[in-house]
file model.cif (mmCIF, C-alpha atoms and all ligand atoms)
data_model
loop_
_atom_site.label_atom_id
_atom_site.label_comp_id
_atom_site.auth_asym_id
_atom_site.auth_seq_id
_atom_site.Cartn_x
_atom_site.Cartn_y
_atom_site.Cartn_z
CA MET Z 24 0.00 0.00 0.00
CA ILE Z 25 1.02 3.59 -0.60
CA PHE Z 26 0.03 6.47 1.68
CA LYS Z 27 0.94 10.15 1.53
CA GLN Z 28 -0.26 13.13 3.54
CA LEU Z 29 -0.04 16.41 1.57
CA PHE Z 30 -0.53 19.96 2.85
CA ASP Z 31 -1.88 23.16 1.27
CA ALA Z 32 -0.21 25.99 3.18
CA GLU Z 33 -2.62 28.62 1.85
CA THR Z 34 -5.72 27.04 3.39
CA TRP Z 35 -4.10 24.72 5.96
CA THR Z 36 -5.76 21.77 4.26
CA TYR Z 37 -4.57 18.17 4.37
CA THR Z 38 -5.00 16.02 1.27
CA TYR Z 39 -4.41 12.28 1.34
CA LEU Z 40 -3.24 9.88 -1.33
CA ILE Z 41 -3.92 6.18 -0.82
CA ALA Z 42 -2.96 3.55 -3.39
CA ASP Z 43 -2.78 -0.17 -3.83
CA SER Z 44 0.81 -1.01 -4.74
CA ILE Z 45 -0.17 -4.10 -6.74
CA SER Z 46 -2.98 -2.83 -8.96
CA LYS Z 47 -1.62 0.76 -8.83
CA GLU Z 48 -5.15 2.10 -8.32
CA ALA Z 49 -5.27 5.27 -6.22
CA ILE Z 50 -7.63 7.57 -4.31
CA PHE Z 51 -7.29 11.21 -3.31
CA ILE Z 52 -9.19 12.52 -0.29
CA ASP Z 53 -9.89 16.29 -0.26
CA PRO Z 54 -7.58 17.49 -3.06
CA VAL Z 55 -7.10 21.28 -3.49
CA ASN Z 56 -7.48 22.80 -6.98
CA THR Z 57 -4.26 24.83 -6.93
CA HIS Z 58 -2.18 21.65 -6.62
CA ILE Z 59 -3.62 19.82 -9.65
CA ASP Z 60 -0.27 19.72 -11.46
CA ASP Z 61 1.55 18.46 -8.36
CA TYR Z 62 -1.01 15.68 -7.95
CA ILE Z 63 -0.67 14.55 -11.54
CA ALA Z 64 3.13 14.58 -11.25
CA LEU Z 65 2.93 12.57 -8.02
CA LEU Z 66 0.67 9.95 -9.60
CA GLU Z 67 2.93 9.71 -12.64
CA ALA Z 68 6.07 9.42 -10.52
CA ASN Z 69 4.55 6.43 -8.71
CA GLY Z 70 2.96 4.88 -11.79
CA LEU Z 71 -0.51 5.23 -10.24
CA GLN Z 72 -3.93 5.42 -11.83
CA LEU Z 73 -6.43 7.62 -10.03
CA LYS Z 74 -9.71 5.78 -9.56
CA TYR Z 75 -11.59 8.11 -7.20
CA SER Z 76 -11.39 11.66 -5.89
CA LEU Z 77 -13.27 11.69 -2.59
CA GLU Z 78 -14.54 14.60 -0.48
CA THR Z 79 -15.17 14.52 3.24
CA HIS Z 80 -17.72 17.34 2.63
CA VAL Z 81 -18.39 20.41 0.49
CA HIS Z 82 -15.64 22.72 1.71
CA ALA Z 83 -16.04 26.41 2.52
CA ASP Z 84 -12.36 27.30 2.73
CA HIS Z 85 -10.82 25.94 -0.44
CA ILE Z 86 -11.85 24.73 -3.87
CA THR Z 87 -11.57 21.05 -4.59
CA ALA Z 88 -9.49 19.61 -7.44
CA SER Z 89 -11.96 16.74 -7.93
CA GLY Z 90 -13.57 18.09 -11.09
CA LEU Z 91 -10.18 18.76 -12.65
CA LEU Z 92 -8.95 15.29 -11.73
CA ARG Z 93 -12.00 13.84 -13.44
CA GLN Z 94 -11.39 15.92 -16.56
CA ARG Z 95 -7.69 15.25 -16.80
CA LEU Z 96 -7.45 11.68 -15.55
CA GLY Z 97 -10.94 10.22 -15.78
CA ALA Z 98 -11.21 9.72 -12.01
CA GLN Z 99 -14.67 9.36 -10.50
CA THR Z 100 -15.69 12.13 -8.12
CA ALA Z 101 -17.53 11.22 -4.93
CA VAL Z 102 -19.35 13.38 -2.36
CA SER Z 103 -22.00 12.56 0.24
CA GLN Z 104 -25.48 12.48 -1.23
CA LEU Z 105 -26.46 14.99 1.48
CA CYS Z 106 -24.08 17.67 0.12
CA GLY Z 107 -26.16 18.74 -2.89
CA ALA Z 108 -23.28 18.15 -5.30
CA GLU Z 109 -25.38 16.61 -8.03
CA THR Z 110 -22.60 16.53 -10.62
CA ALA Z 111 -20.47 14.14 -8.54
CA ASP Z 112 -20.24 10.66 -10.09
CA VAL Z 113 -20.82 8.86 -6.79
CA GLN Z 114 -23.40 10.06 -4.25
CA ILE Z 115 -21.93 8.55 -1.09
CA GLN Z 116 -24.01 6.94 1.64
CA ASP Z 117 -23.09 5.77 5.12
CA GLY Z 118 -21.44 2.34 5.00
CA ASP Z 119 -20.34 2.58 1.34
CA ILE Z 120 -17.04 0.92 0.54
CA PHE Z 121 -14.49 2.14 -2.01
CA THR Z 122 -12.17 -0.57 -3.29
CA LEU Z 123 -8.65 -0.35 -4.76
CA GLY Z 124 -7.34 -3.48 -6.43
CA SER Z 125 -8.47 -6.69 -4.79
CA THR Z 126 -7.55 -5.91 -1.19
CA GLU Z 127 -7.68 -2.22 -0.25
CA GLN Z 128 -11.00 -0.92 1.06
CA LEU Z 129 -12.11 2.44 2.46
CA LYS Z 130 -15.32 2.40 4.47
CA VAL Z 131 -17.57 5.44 4.79
CA ILE Z 132 -18.70 6.55 8.25
CA ALA Z 133 -21.32 9.30 8.27
CA THR Z 134 -20.13 12.02 10.65
CA PRO Z 135 -22.61 14.90 10.19
CA GLY Z 136 -22.50 18.06 12.26
CA HIS Z 137 -19.79 20.27 10.74
CA THR Z 138 -21.98 20.10 7.64
CA ARG Z 139 -25.03 17.94 7.02
CA GLY Z 140 -23.14 15.78 4.53
CA SER Z 141 -19.83 15.41 6.37
CA ILE Z 142 -18.34 11.91 6.29
CA SER Z 143 -15.17 10.17 7.44
CA PHE Z 144 -13.25 7.36 5.71
CA LEU Z 145 -11.86 4.38 7.61
CA TRP Z 146 -8.90 2.56 6.04
CA HIS Z 147 -7.03 -0.12 7.98
CA ASP Z 148 -5.84 1.58 11.21
CA ARG Z 149 -6.51 5.11 9.95
CA VAL Z 150 -9.57 7.35 9.91
CA PHE Z 151 -9.77 10.48 7.75
CA THR Z 152 -12.09 12.76 9.64
CA GLY Z 153 -12.29 15.88 7.44
CA ASP Z 154 -13.57 18.76 9.55
CA SER Z 155 -15.64 16.54 11.87
CA LEU Z 156 -12.74 15.87 14.24
CA PHE Z 157 -9.48 17.84 14.39
CA VAL Z 158 -6.40 17.25 16.49
CA GLY Z 159 -7.52 18.85 19.76
CA GLY Z 160 -10.66 20.34 18.25
CA CYS Z 161 -13.47 19.96 15.74
CA GLY Z 162 -14.97 21.84 12.82
CA ARG Z 163 -17.39 24.71 13.37
CA THR Z 164 -21.11 24.00 13.10
CA ASP Z 165 -22.60 27.37 12.17
CA PHE Z 166 -23.21 27.02 8.44
CA GLN Z 167 -24.03 24.49 5.65
CA GLY Z 168 -26.56 22.67 7.82
CA GLY Z 169 -24.14 22.38 10.74
CA ASP Z 170 -25.52 20.89 13.97
CA PRO Z 171 -23.46 20.71 17.18
CA GLY Z 172 -25.66 18.03 18.73
CA ALA Z 173 -25.25 15.79 15.67
CA LEU Z 174 -21.50 16.41 15.70
CA TYR Z 175 -21.24 15.43 19.38
CA ASP Z 176 -23.24 12.26 18.73
CA CYS Z 177 -21.22 11.07 15.76
CA ILE Z 178 -17.84 11.86 17.35
CA THR Z 179 -18.66 10.18 20.65
CA GLN Z 180 -20.67 7.27 19.24
CA ARG Z 181 -18.98 6.52 15.92
CA LEU Z 182 -15.40 7.86 16.01
CA PHE Z 183 -14.53 7.46 19.70
CA THR Z 184 -15.78 3.86 19.58
CA LEU Z 185 -13.08 2.93 17.01
CA PRO Z 186 -10.05 1.13 18.48
CA ASP Z 187 -7.90 3.39 20.65
CA GLU Z 188 -4.87 3.03 18.42
CA THR Z 189 -6.70 4.15 15.26
CA LEU Z 190 -4.79 7.07 13.75
CA VAL Z 191 -6.79 10.26 13.22
CA TYR Z 192 -5.91 12.21 10.08
CA PRO Z 193 -7.82 15.53 10.05
CA GLY Z 194 -8.89 17.79 7.19
CA HIS Z 195 -6.99 20.78 8.59
CA ASP Z 196 -4.55 21.76 11.25
CA TYR Z 197 -3.45 25.30 12.01
CA GLN Z 198 -0.56 24.46 14.31
CA GLY Z 199 1.53 21.99 12.33
CA ARG Z 200 0.12 18.81 13.87
CA TRP Z 201 -0.14 16.00 11.33
CA VAL Z 202 -1.84 13.13 13.09
CA SER Z 203 -3.43 12.03 16.34
CA SER Z 204 -5.14 8.89 17.62
CA ILE Z 205 -8.63 8.01 18.79
CA LYS Z 206 -7.34 7.51 22.34
CA GLN Z 207 -5.61 10.88 22.34
CA GLU Z 208 -8.73 12.69 21.10
CA ARG Z 209 -11.10 10.78 23.37
CA THR Z 210 -9.01 11.55 26.45
CA SER Z 211 -7.61 15.03 25.78
CA ASN Z 212 -9.61 16.91 23.13
CA PRO Z 213 -10.50 20.15 24.97
CA ARG Z 214 -13.76 20.58 23.06
CA LEU Z 215 -15.07 17.13 23.93
CA THR Z 216 -13.30 15.36 26.77
CA GLY Z 217 -15.42 15.46 29.92
CA LYS Z 218 -18.08 17.59 28.23
CA THR Z 219 -21.75 16.68 28.16
CA ARG Z 220 -23.71 17.00 24.93
CA GLU Z 221 -25.35 20.15 26.32
CA GLU Z 222 -22.02 21.71 27.30
CA PHE Z 223 -20.59 20.96 23.87
CA ILE Z 224 -23.59 22.59 22.16
CA VAL Z 225 -23.15 25.74 24.27
CA ILE Z 226 -19.44 25.90 23.38
CA MET Z 227 -20.11 25.44 19.66
CA ASN Z 228 -22.95 27.98 19.59
CA ASN Z 229 -20.72 30.62 21.17
CA LEU Z 230 -17.55 30.39 19.09
CA ASN Z 231 -18.50 33.59 17.24
CA LEU Z 232 -16.07 32.88 14.41
CA PRO Z 233 -15.90 35.22 11.42
CA LYS Z 234 -17.20 33.98 8.09
CA PRO Z 235 -14.58 31.96 6.13
CA ARG Z 236 -12.75 34.11 3.59
CA LEU Z 237 -13.60 31.99 0.53
CA ILE Z 238 -17.04 30.65 1.49
CA ASP Z 239 -19.03 32.57 -1.12
CA GLU Z 240 -16.72 31.35 -3.83
CA ALA Z 241 -15.81 27.89 -2.58
CA VAL Z 242 -19.18 26.40 -1.62
CA PRO Z 243 -20.93 27.03 -4.96
CA ALA Z 244 -17.84 25.87 -6.89
CA ASN Z 245 -17.47 22.73 -4.77
CA ARG Z 246 -21.07 21.75 -5.46
CA TYR Z 247 -19.76 21.35 -9.04
CA CYS Z 248 -16.65 19.42 -7.90
CA GLY Z 249 -14.65 22.65 -7.90
CA LEU Z 250 -15.26 23.73 -11.47
CA ASP Z 251 -16.25 27.30 -12.29
CA GLU Z 252 -18.90 28.05 -14.93
CA ASN Z 253 -16.49 28.21 -17.87
CA GLU Z 254 -14.78 25.02 -16.80
CA ARG Z 255 -18.11 23.25 -16.41
CA GLN Z 256 -19.11 24.25 -19.95
CA ASP Z 257 -15.78 23.70 -21.63
CA ALA Z 258 -13.99 20.69 -20.27
CA VAL Z 259 -12.09 20.09 -23.50
CA ALA Z 260 -10.45 23.50 -23.46
CA LEU Z 261 -9.38 22.98 -19.89
CA ARG Z 262 -7.39 19.88 -20.73
CA ASP Z 263 -5.04 22.13 -22.70
CA THR Z 264 -4.44 24.64 -19.91
CA SER Z 265 -1.80 23.97 -17.34
CA ARG Z 266 -3.51 25.51 -14.33
CA PRO Z 267 -7.05 26.45 -13.40
CA VAL Z 268 -7.81 30.14 -13.06
CA ARG Z 269 -8.92 31.04 -9.61
CA SER Z 270 -11.00 34.15 -9.21
CA GLU Z 271 -10.53 35.92 -5.90
CA LEU Z 272 -12.78 38.25 -3.95
CA SER Z 273 -11.62 41.84 -4.46
CA PRO Z 274 -9.19 42.53 -1.58
CA GLN Z 275 -9.55 46.28 -2.12
CA ASP Z 276 -13.30 46.14 -1.49
CA LEU Z 277 -12.83 44.13 1.68
CA VAL Z 278 -10.17 46.51 3.02
CA ALA Z 279 -12.25 49.60 2.19
CA GLU Z 280 -15.20 48.09 4.01
CA ALA Z 281 -13.10 47.17 7.06
CA LYS Z 282 -11.54 50.63 7.27
CA LYS Z 283 -14.98 52.18 7.70
CA GLN Z 284 -15.44 50.16 10.86
CA ILE Z 285 -12.09 50.37 12.60
CA THR Z 286 -9.79 53.06 14.00
CA GLU Z 287 -6.54 53.86 12.24
CA VAL Z 288 -3.62 55.70 13.82
CA THR Z 289 -0.57 57.27 12.22
CA VAL Z 290 2.97 55.93 12.70
CA LEU Z 291 3.68 58.90 14.98
CA THR Z 292 0.73 58.10 17.26
CA ALA Z 293 1.68 54.41 17.19
CA LYS Z 294 5.18 55.26 18.40
CA GLN Z 295 3.78 57.35 21.25
CA LEU Z 296 1.40 54.56 22.31
CA LEU Z 297 4.19 51.98 22.26
CA ALA Z 298 6.45 54.27 24.29
CA GLU Z 299 3.69 54.65 26.87
CA GLY Z 300 3.39 50.84 27.04
CA ASN Z 301 0.40 48.75 28.10
CA ILE Z 302 -0.53 47.94 24.48
CA VAL Z 303 -0.14 44.63 22.63
CA LEU Z 304 1.62 45.03 19.27
CA VAL Z 305 0.55 42.49 16.62
CA ASP Z 306 2.25 41.91 13.26
CA THR Z 307 -0.33 40.36 10.95
CA ARG Z 308 1.95 39.75 7.94
CA GLU Z 309 3.25 36.36 6.84
CA GLU Z 310 6.05 34.60 8.70
CA SER Z 311 8.60 35.29 5.94
CA GLU Z 312 7.85 39.04 6.00
CA TYR Z 313 8.19 39.06 9.77
CA ALA Z 314 11.51 37.21 9.56
CA ALA Z 315 12.83 39.81 7.11
CA GLY Z 316 12.24 42.62 9.62
CA HIS Z 317 9.64 43.69 12.17
CA ILE Z 318 8.94 46.15 14.96
CA ASP Z 319 10.50 45.15 18.29
CA ASN Z 320 8.35 42.94 20.51
CA ALA Z 321 5.63 42.49 17.87
CA LEU Z 322 3.59 39.32 18.22
CA LEU Z 323 3.33 37.45 14.90
CA LEU Z 324 -0.25 36.50 14.00
CA PRO Z 325 -0.66 36.18 10.21
CA ARG Z 326 -4.03 37.43 9.00
CA GLY Z 327 -4.99 34.06 7.45
CA VAL Z 328 -4.77 32.20 10.76
CA LEU Z 329 -5.59 34.97 13.21
CA GLU Z 330 -8.87 33.60 14.47
CA PHE Z 331 -7.45 30.09 14.88
CA LYS Z 332 -4.21 31.02 16.65
CA ILE Z 333 -5.45 33.83 18.84
CA GLY Z 334 -6.46 31.42 21.58
CA ASN Z 335 -2.83 30.34 21.95
CA SER Z 336 -1.59 33.89 22.62
CA PRO Z 337 -1.69 34.72 26.34
CA GLU Z 338 -0.90 38.36 25.49
CA LEU Z 339 -4.37 38.58 23.92
CA SER Z 340 -6.37 36.75 26.55
CA ASP Z 341 -7.70 40.04 28.01
CA LYS Z 342 -10.07 41.48 25.42
CA SER Z 343 -10.20 44.86 27.14
CA LYS Z 344 -6.48 45.47 26.65
CA ALA Z 345 -5.42 47.84 23.83
CA VAL Z 346 -4.12 46.16 20.66
CA LEU Z 347 -2.16 47.85 17.87
CA ILE Z 348 -1.95 45.92 14.58
CA TYR Z 349 0.25 46.51 11.57
CA CYS Z 350 1.01 44.80 8.27
CA ARG Z 351 3.06 45.97 5.28
CA THR Z 352 0.89 48.84 4.07
CA GLY Z 353 -2.20 48.92 6.31
CA GLY Z 354 -4.67 46.73 4.36
CA ARG Z 355 -4.37 43.37 6.08
CA SER Z 356 -4.12 45.07 9.48
CA ALA Z 357 -7.45 46.81 8.83
CA LEU Z 358 -9.03 43.41 8.12
CA ALA Z 359 -7.37 41.90 11.19
CA ALA Z 360 -8.52 44.81 13.38
CA HIS Z 361 -12.06 44.30 12.16
CA THR Z 362 -11.81 40.59 12.93
CA LEU Z 363 -10.58 41.30 16.45
CA GLN Z 364 -13.48 43.68 17.01
CA GLN Z 365 -15.88 40.96 15.90
CA LEU Z 366 -14.17 38.60 18.34
CA GLY Z 367 -14.97 41.03 21.16
CA TYR Z 368 -11.78 43.09 21.54
CA LYS Z 369 -12.75 46.53 22.78
CA ASN Z 370 -9.76 48.70 21.92
CA VAL Z 371 -8.18 47.80 18.58
CA LEU Z 372 -6.08 50.13 16.41
CA SER Z 373 -4.60 49.63 12.94
CA MET Z 374 -1.42 51.45 11.95
CA ALA Z 375 -1.98 53.35 8.69
CA GLY Z 376 0.73 52.78 6.09
CA GLY Z 377 2.04 49.71 7.90
CA PHE Z 378 5.67 48.64 8.26
CA ASP Z 379 6.60 50.49 5.03
CA ALA Z 380 5.53 53.79 6.62
CA TRP Z 381 7.18 52.87 9.91
CA GLN Z 382 10.52 52.33 8.17
CA LYS Z 383 10.24 55.61 6.22
CA ALA Z 384 9.50 57.47 9.45
FE FE C 401 -15.10 22.43 6.29
#
call {"tool": "encode", "arguments": {"input": "model.cif", "output": "structure tokens"}}
result
Amino acid sequence: MIFKQLFDAETWTYTYLIADSISKEAIFIDPVNTHIDDYIALLEANGLQLKYSLETHVHADHITASGLLRQRLGAQTAVSQLCGAETADVQIQDGDIFTLGSTEQLKVIATPGHTRGSISFLWHDRVFTGDSLFVGGCGRTDFQGGDPGALYDCITQRLFTLPDETLVYPGHDYQGRWVSSIKQERTSNPRLTGKTREEFIVIMNNLNLPKPRLIDEAVPANRYCGLDENERQDAVALRDTSRPVRSELSPQDLVAEAKKQITEVTVLTAKQLLAEGNIVLVDTREESEYAAGHIDNALLLPRGVLEFKIGNSPELSDKSKAVLIYCRTGGRSALAAHTLQQLGYKNVLSMAGGFDAWQKA
């Protein structure tokens, strides 16, 4: 057997490749559209033939590569019948089995709650849990038919009843953790361990997370296996292009909207506030930008992972404390400031002009 865990750094998504080394038949679980060429190269390098492209659910945070894999390689796409993805070749039901060669089998376990159609795949000693169960957490339940009670039931009754040593491979991780086990999650998952169903529901209903960045784009596209309208209509033309075109939300519009709702300060004012102390300074650029130079004592919290990592920052545990955010030019910090306000922070400032302006001053 062949097994590989792949990672999309832009959306913190794990994709899995499973293959039967005798028949060379392969399956992808949760492939991401921007990596289509890498996937094809990986299959070719291992002499594999892709039989299925499976989804744990219709994703809100990235666009699947399933439709492209079908077009380019003839793979069958498969999504839960409860996801409303009518163009998928296989409408998955609880208990279905996907077979590779004569020996390898993946069994479907319905794990609704993150979305209505969320499923997990059990293969040998491994379970691929999508966003139903994370390492030390679980997926949110506030959109796409999410239901915290259903999530609690399926995790405690269907996943936690698997053998202790079963390895848990999640759909995402935001802190670099690759794998866990059923025992580890059953005994130390802070969302679930020792919590009653009612307590879990209260926790999930009060997460107050901001809307995922790509939801308006990703969910409709993923209902068509990740293909946009042109791709759906013109599959032949797509075979000749090397990479799918990904349309983004206009960042300028988002920044302009955020700036109306937050408070900006000049570099001069920022310097005065920092000199006075008692303010948390947050750098919301990417790690590489931070490494190339940053303001002294700034806490690194990249915009893309802010809401997921904030809970690990003791400096930000007191929401009444003043926070000053900067990025390179003031756009991302405006978005981050708005996010912090939505998360309940009372005194958030964004530095106009960002680190560029700081250096010029
Ligand atoms: Fe999800």
call {"tool": "atom_distance", "arguments": {"input": "model.cif", "atom1": "CA of Glu127 in chain Z", "atom2": "CA of Leu77 in chain Z"}}
result
15.2 Å
call {"tool": "residues_near_ligand", "arguments": {"input": "model.cif", "ligand": "ligand FE 401 (chain C)", "cutoff": "12 Å", "atoms": "only C-alpha atoms and all ligand atoms", "output": "count of residues only"}}
result
50
call {"tool": "residues_near_point", "arguments": {"input": "model.cif", "point": "(-3.7, 13.3, 21.6)", "cutoff": "6 Å", "atoms": "all atoms listed in the file", "output": "PyMOL selection string"}}
result
chain Z and resi 203+207-208+211
call {"tool": "closest_residue", "arguments": {"input": "model.cif", "among": "Z:Gln198, Z:Gln128, Z:Thr219, Z:Thr289", "to": "Gly160 in chain Z", "atoms": "only C-alpha atoms"}}
result
Z:Gln198
call {"tool": "residues_near_point", "arguments": {"input": "model.cif", "point": "(-17.1, 13.4, -7.1)", "cutoff": "7 Å", "atoms": "all atoms listed in the file", "output": "tab-separated table (two decimals) with C-alpha atoms, in the coordinates of the input"}}
result
chain	number	residue	atom	x	y	z
Z	76	SER	CA	-11.39	11.66	-5.89
Z	77	LEU	CA	-13.27	11.69	-2.59
Z	89	SER	CA	-11.96	16.74	-7.93
Z	99	GLN	CA	-14.67	9.36	-10.50
Z	100	THR	CA	-15.69	12.13	-8.12
Z	101	ALA	CA	-17.53	11.22	-4.93
Z	102	VAL	CA	-19.35	13.38	-2.36
Z	111	ALA	CA	-20.47	14.14	-8.54
Z	112	ASP	CA	-20.24	10.66	-10.09
Z	113	VAL	CA	-20.82	8.86	-6.79
Z	248	CYS	CA	-16.65	19.42	-7.90
call {"tool": "atom_distance", "arguments": {"input": "model.cif", "atom1": "CA of Gln94 in chain Z", "atom2": "CA of Gly70 in chain Z"}}
result
18.7 Å
call {"tool": "atom_distance", "arguments": {"input": "model.cif", "atom1": "CA of Phe26 in chain Z", "atom2": "CA of Arg209 in chain Z"}}
result
24.8 Å
call {"tool": "closest_residue", "arguments": {"input": "model.cif", "among": "Z:Val303, Z:Ile25, Z:Leu322, Z:Leu215", "to": "Leu123 in chain Z", "atoms": "all atoms listed in the file"}}
result
Z:Ile25
call {"tool": "residues_around", "arguments": {"input": "model.cif", "residues": "Asp61 in chain Z", "least_positions_apart": "3", "cutoff": "12 Å", "atoms": "all atoms listed in the file", "output": "list of chain:residue names"}}
result
Z:Leu29, Z:Phe30, Z:Asp31, Z:Thr38, Z:Pro54, Z:Val55, Z:Asn56, Z:Thr57, Z:His58, Z:Ala64, Z:Leu65, Z:Leu66, Z:Glu67, Z:Ala68, Z:Ala88, Z:Leu92, Z:Ser265, Z:Arg266
call {"tool": "closest_residue", "arguments": {"input": "model.cif", "among": "Z:Leu73, Z:Gly316, Z:Gly90, Z:Leu358", "to": "Asp251 in chain Z", "atoms": "only C-alpha atoms"}}
result
Z:Gly90
call {"tool": "closest_residue", "arguments": {"input": "model.cif", "among": "Z:Glu280, Z:Glu188, Z:Asp43, Z:Asp319", "to": "Val305 in chain Z", "atoms": "all atoms listed in the file"}}
result
Z:Asp319
call {"tool": "closest_atom_pairs", "arguments": {"input": "model.cif", "of": "range 279-314 of chain Z", "to": "range 359-372 of chain Z", "cutoff": "7 Å", "atoms": "all atoms listed in the file", "output": "tab-separated table"}}
result
residue	atom	partner	partner_atom	distance
Z:Ala281	CA	Z:His361	CA	5.9
Z:Gln284	CA	Z:His361	CA	6.9
Z:Ile285	CA	Z:His361	CA	6.1
Z:Thr286	CA	Z:Leu372	CA	5.3
Z:Glu287	CA	Z:Leu372	CA	5.6
Z:Val288	CA	Z:Leu372	CA	6.6
call {"tool": "build_atoms", "arguments": {"input": "model.cif", "residues": "range 140-159 of chain Z", "atoms": "N, CA and C atoms", "output": "PDB file, in the frame of the given file"}}
result
ATOM      1  N   GLY Z 140     -23.646  16.919   5.304  1.00  0.00           N
ATOM      2  CA  GLY Z 140     -23.140  15.780   4.530  1.00  0.00           C
ATOM      3  C   GLY Z 140     -21.727  15.365   4.878  1.00  0.00           C
ATOM      4  N   SER Z 141     -21.211  15.773   6.025  1.00  0.00           N
ATOM      5  CA  SER Z 141     -19.830  15.410   6.370  1.00  0.00           C
ATOM      6  C   SER Z 141     -19.701  13.907   6.619  1.00  0.00           C
ATOM      7  N   ILE Z 142     -18.618  13.331   6.085  1.00  0.00           N
ATOM      8  CA  ILE Z 142     -18.340  11.910   6.290  1.00  0.00           C
ATOM      9  C   ILE Z 142     -16.867  11.720   6.628  1.00  0.00           C
ATOM     10  N   SER Z 143     -16.555  10.556   7.206  1.00  0.00           N
ATOM     11  CA  SER Z 143     -15.170  10.170   7.440  1.00  0.00           C
ATOM     12  C   SER Z 143     -14.918   8.881   6.665  1.00  0.00           C
ATOM     13  N   PHE Z 144     -13.635   8.591   6.412  1.00  0.00           N
ATOM     14  CA  PHE Z 144     -13.250   7.360   5.710  1.00  0.00           C
ATOM     15  C   PHE Z 144     -12.338   6.545   6.615  1.00  0.00           C
ATOM     16  N   LEU Z 145     -12.683   5.277   6.797  1.00  0.00           N
ATOM     17  CA  LEU Z 145     -11.860   4.380   7.610  1.00  0.00           C
ATOM     18  C   LEU Z 145     -11.078   3.453   6.690  1.00  0.00           C
ATOM     19  N   TRP Z 146      -9.755   3.414   6.866  1.00  0.00           N
ATOM     20  CA  TRP Z 146      -8.900   2.560   6.040  1.00  0.00           C
ATOM     21  C   TRP Z 146      -7.864   1.914   6.947  1.00  0.00           C
ATOM     22  N   HIS Z 147      -7.918   0.600   7.070  1.00  0.00           N
ATOM     23  CA  HIS Z 147      -7.030  -0.120   7.980  1.00  0.00           C
ATOM     24  C   HIS Z 147      -7.081   0.520   9.381  1.00  0.00           C
ATOM     25  N   ASP Z 148      -5.908   1.004   9.857  1.00  0.00           N
ATOM     26  CA  ASP Z 148      -5.840   1.580  11.210  1.00  0.00           C
ATOM     27  C   ASP Z 148      -5.947   3.098  11.175  1.00  0.00           C
ATOM     28  N   ARG Z 149      -6.472   3.656  10.083  1.00  0.00           N
ATOM     29  CA  ARG Z 149      -6.510   5.110   9.950  1.00  0.00           C
ATOM     30  C   ARG Z 149      -7.927   5.607   9.649  1.00  0.00           C
ATOM     31  N   VAL Z 150      -8.286   6.735  10.245  1.00  0.00           N
ATOM     32  CA  VAL Z 150      -9.570   7.350   9.910  1.00  0.00           C
ATOM     33  C   VAL Z 150      -9.323   8.785   9.473  1.00  0.00           C
ATOM     34  N   PHE Z 151      -9.924   9.139   8.341  1.00  0.00           N
ATOM     35  CA  PHE Z 151      -9.770  10.480   7.750  1.00  0.00           C
ATOM     36  C   PHE Z 151     -11.041  11.244   8.082  1.00  0.00           C
ATOM     37  N   THR Z 152     -10.912  12.199   8.999  1.00  0.00           N
ATOM     38  CA  THR Z 152     -12.090  12.760   9.640  1.00  0.00           C
ATOM     39  C   THR Z 152     -12.558  14.097   9.058  1.00  0.00           C
ATOM     40  N   GLY Z 153     -11.874  14.598   8.010  1.00  0.00           N
ATOM     41  CA  GLY Z 153     -12.290  15.880   7.440  1.00  0.00           C
ATOM     42  C   GLY Z 153     -12.340  16.941   8.513  1.00  0.00           C
ATOM     43  N   ASP Z 154     -13.441  17.722   8.528  1.00  0.00           N
ATOM     44  CA  ASP Z 154     -13.570  18.760   9.550  1.00  0.00           C
ATOM     45  C   ASP Z 154     -14.470  18.309  10.712  1.00  0.00           C
ATOM     46  N   SER Z 155     -14.812  17.027  10.757  1.00  0.00           N
ATOM     47  CA  SER Z 155     -15.640  16.540  11.870  1.00  0.00           C
ATOM     48  C   SER Z 155     -14.823  16.492  13.146  1.00  0.00           C
ATOM     49  N   LEU Z 156     -13.601  15.958  13.062  1.00  0.00           N
ATOM     50  CA  LEU Z 156     -12.740  15.870  14.240  1.00  0.00           C
ATOM     51  C   LEU Z 156     -11.343  16.338  13.862  1.00  0.00           C
ATOM     52  N   PHE Z 157     -10.838  17.339  14.578  1.00  0.00           N
ATOM     53  CA  PHE Z 157      -9.480  17.840  14.390  1.00  0.00           C
ATOM     54  C   PHE Z 157      -8.602  17.314  15.511  1.00  0.00           C
ATOM     55  N   VAL Z 158      -7.301  17.534  15.380  1.00  0.00           N
ATOM     56  CA  VAL Z 158      -6.400  17.250  16.490  1.00  0.00           C
ATOM     57  C   VAL Z 158      -6.678  18.322  17.554  1.00  0.00           C
ATOM     58  N   GLY Z 159      -7.214  17.910  18.685  1.00  0.00           N
ATOM     59  CA  GLY Z 159      -7.520  18.850  19.760  1.00  0.00           C
ATOM     60  C   GLY Z 159      -8.662  19.803  19.451  1.00  0.00           C
TER      61      GLY Z 159
END
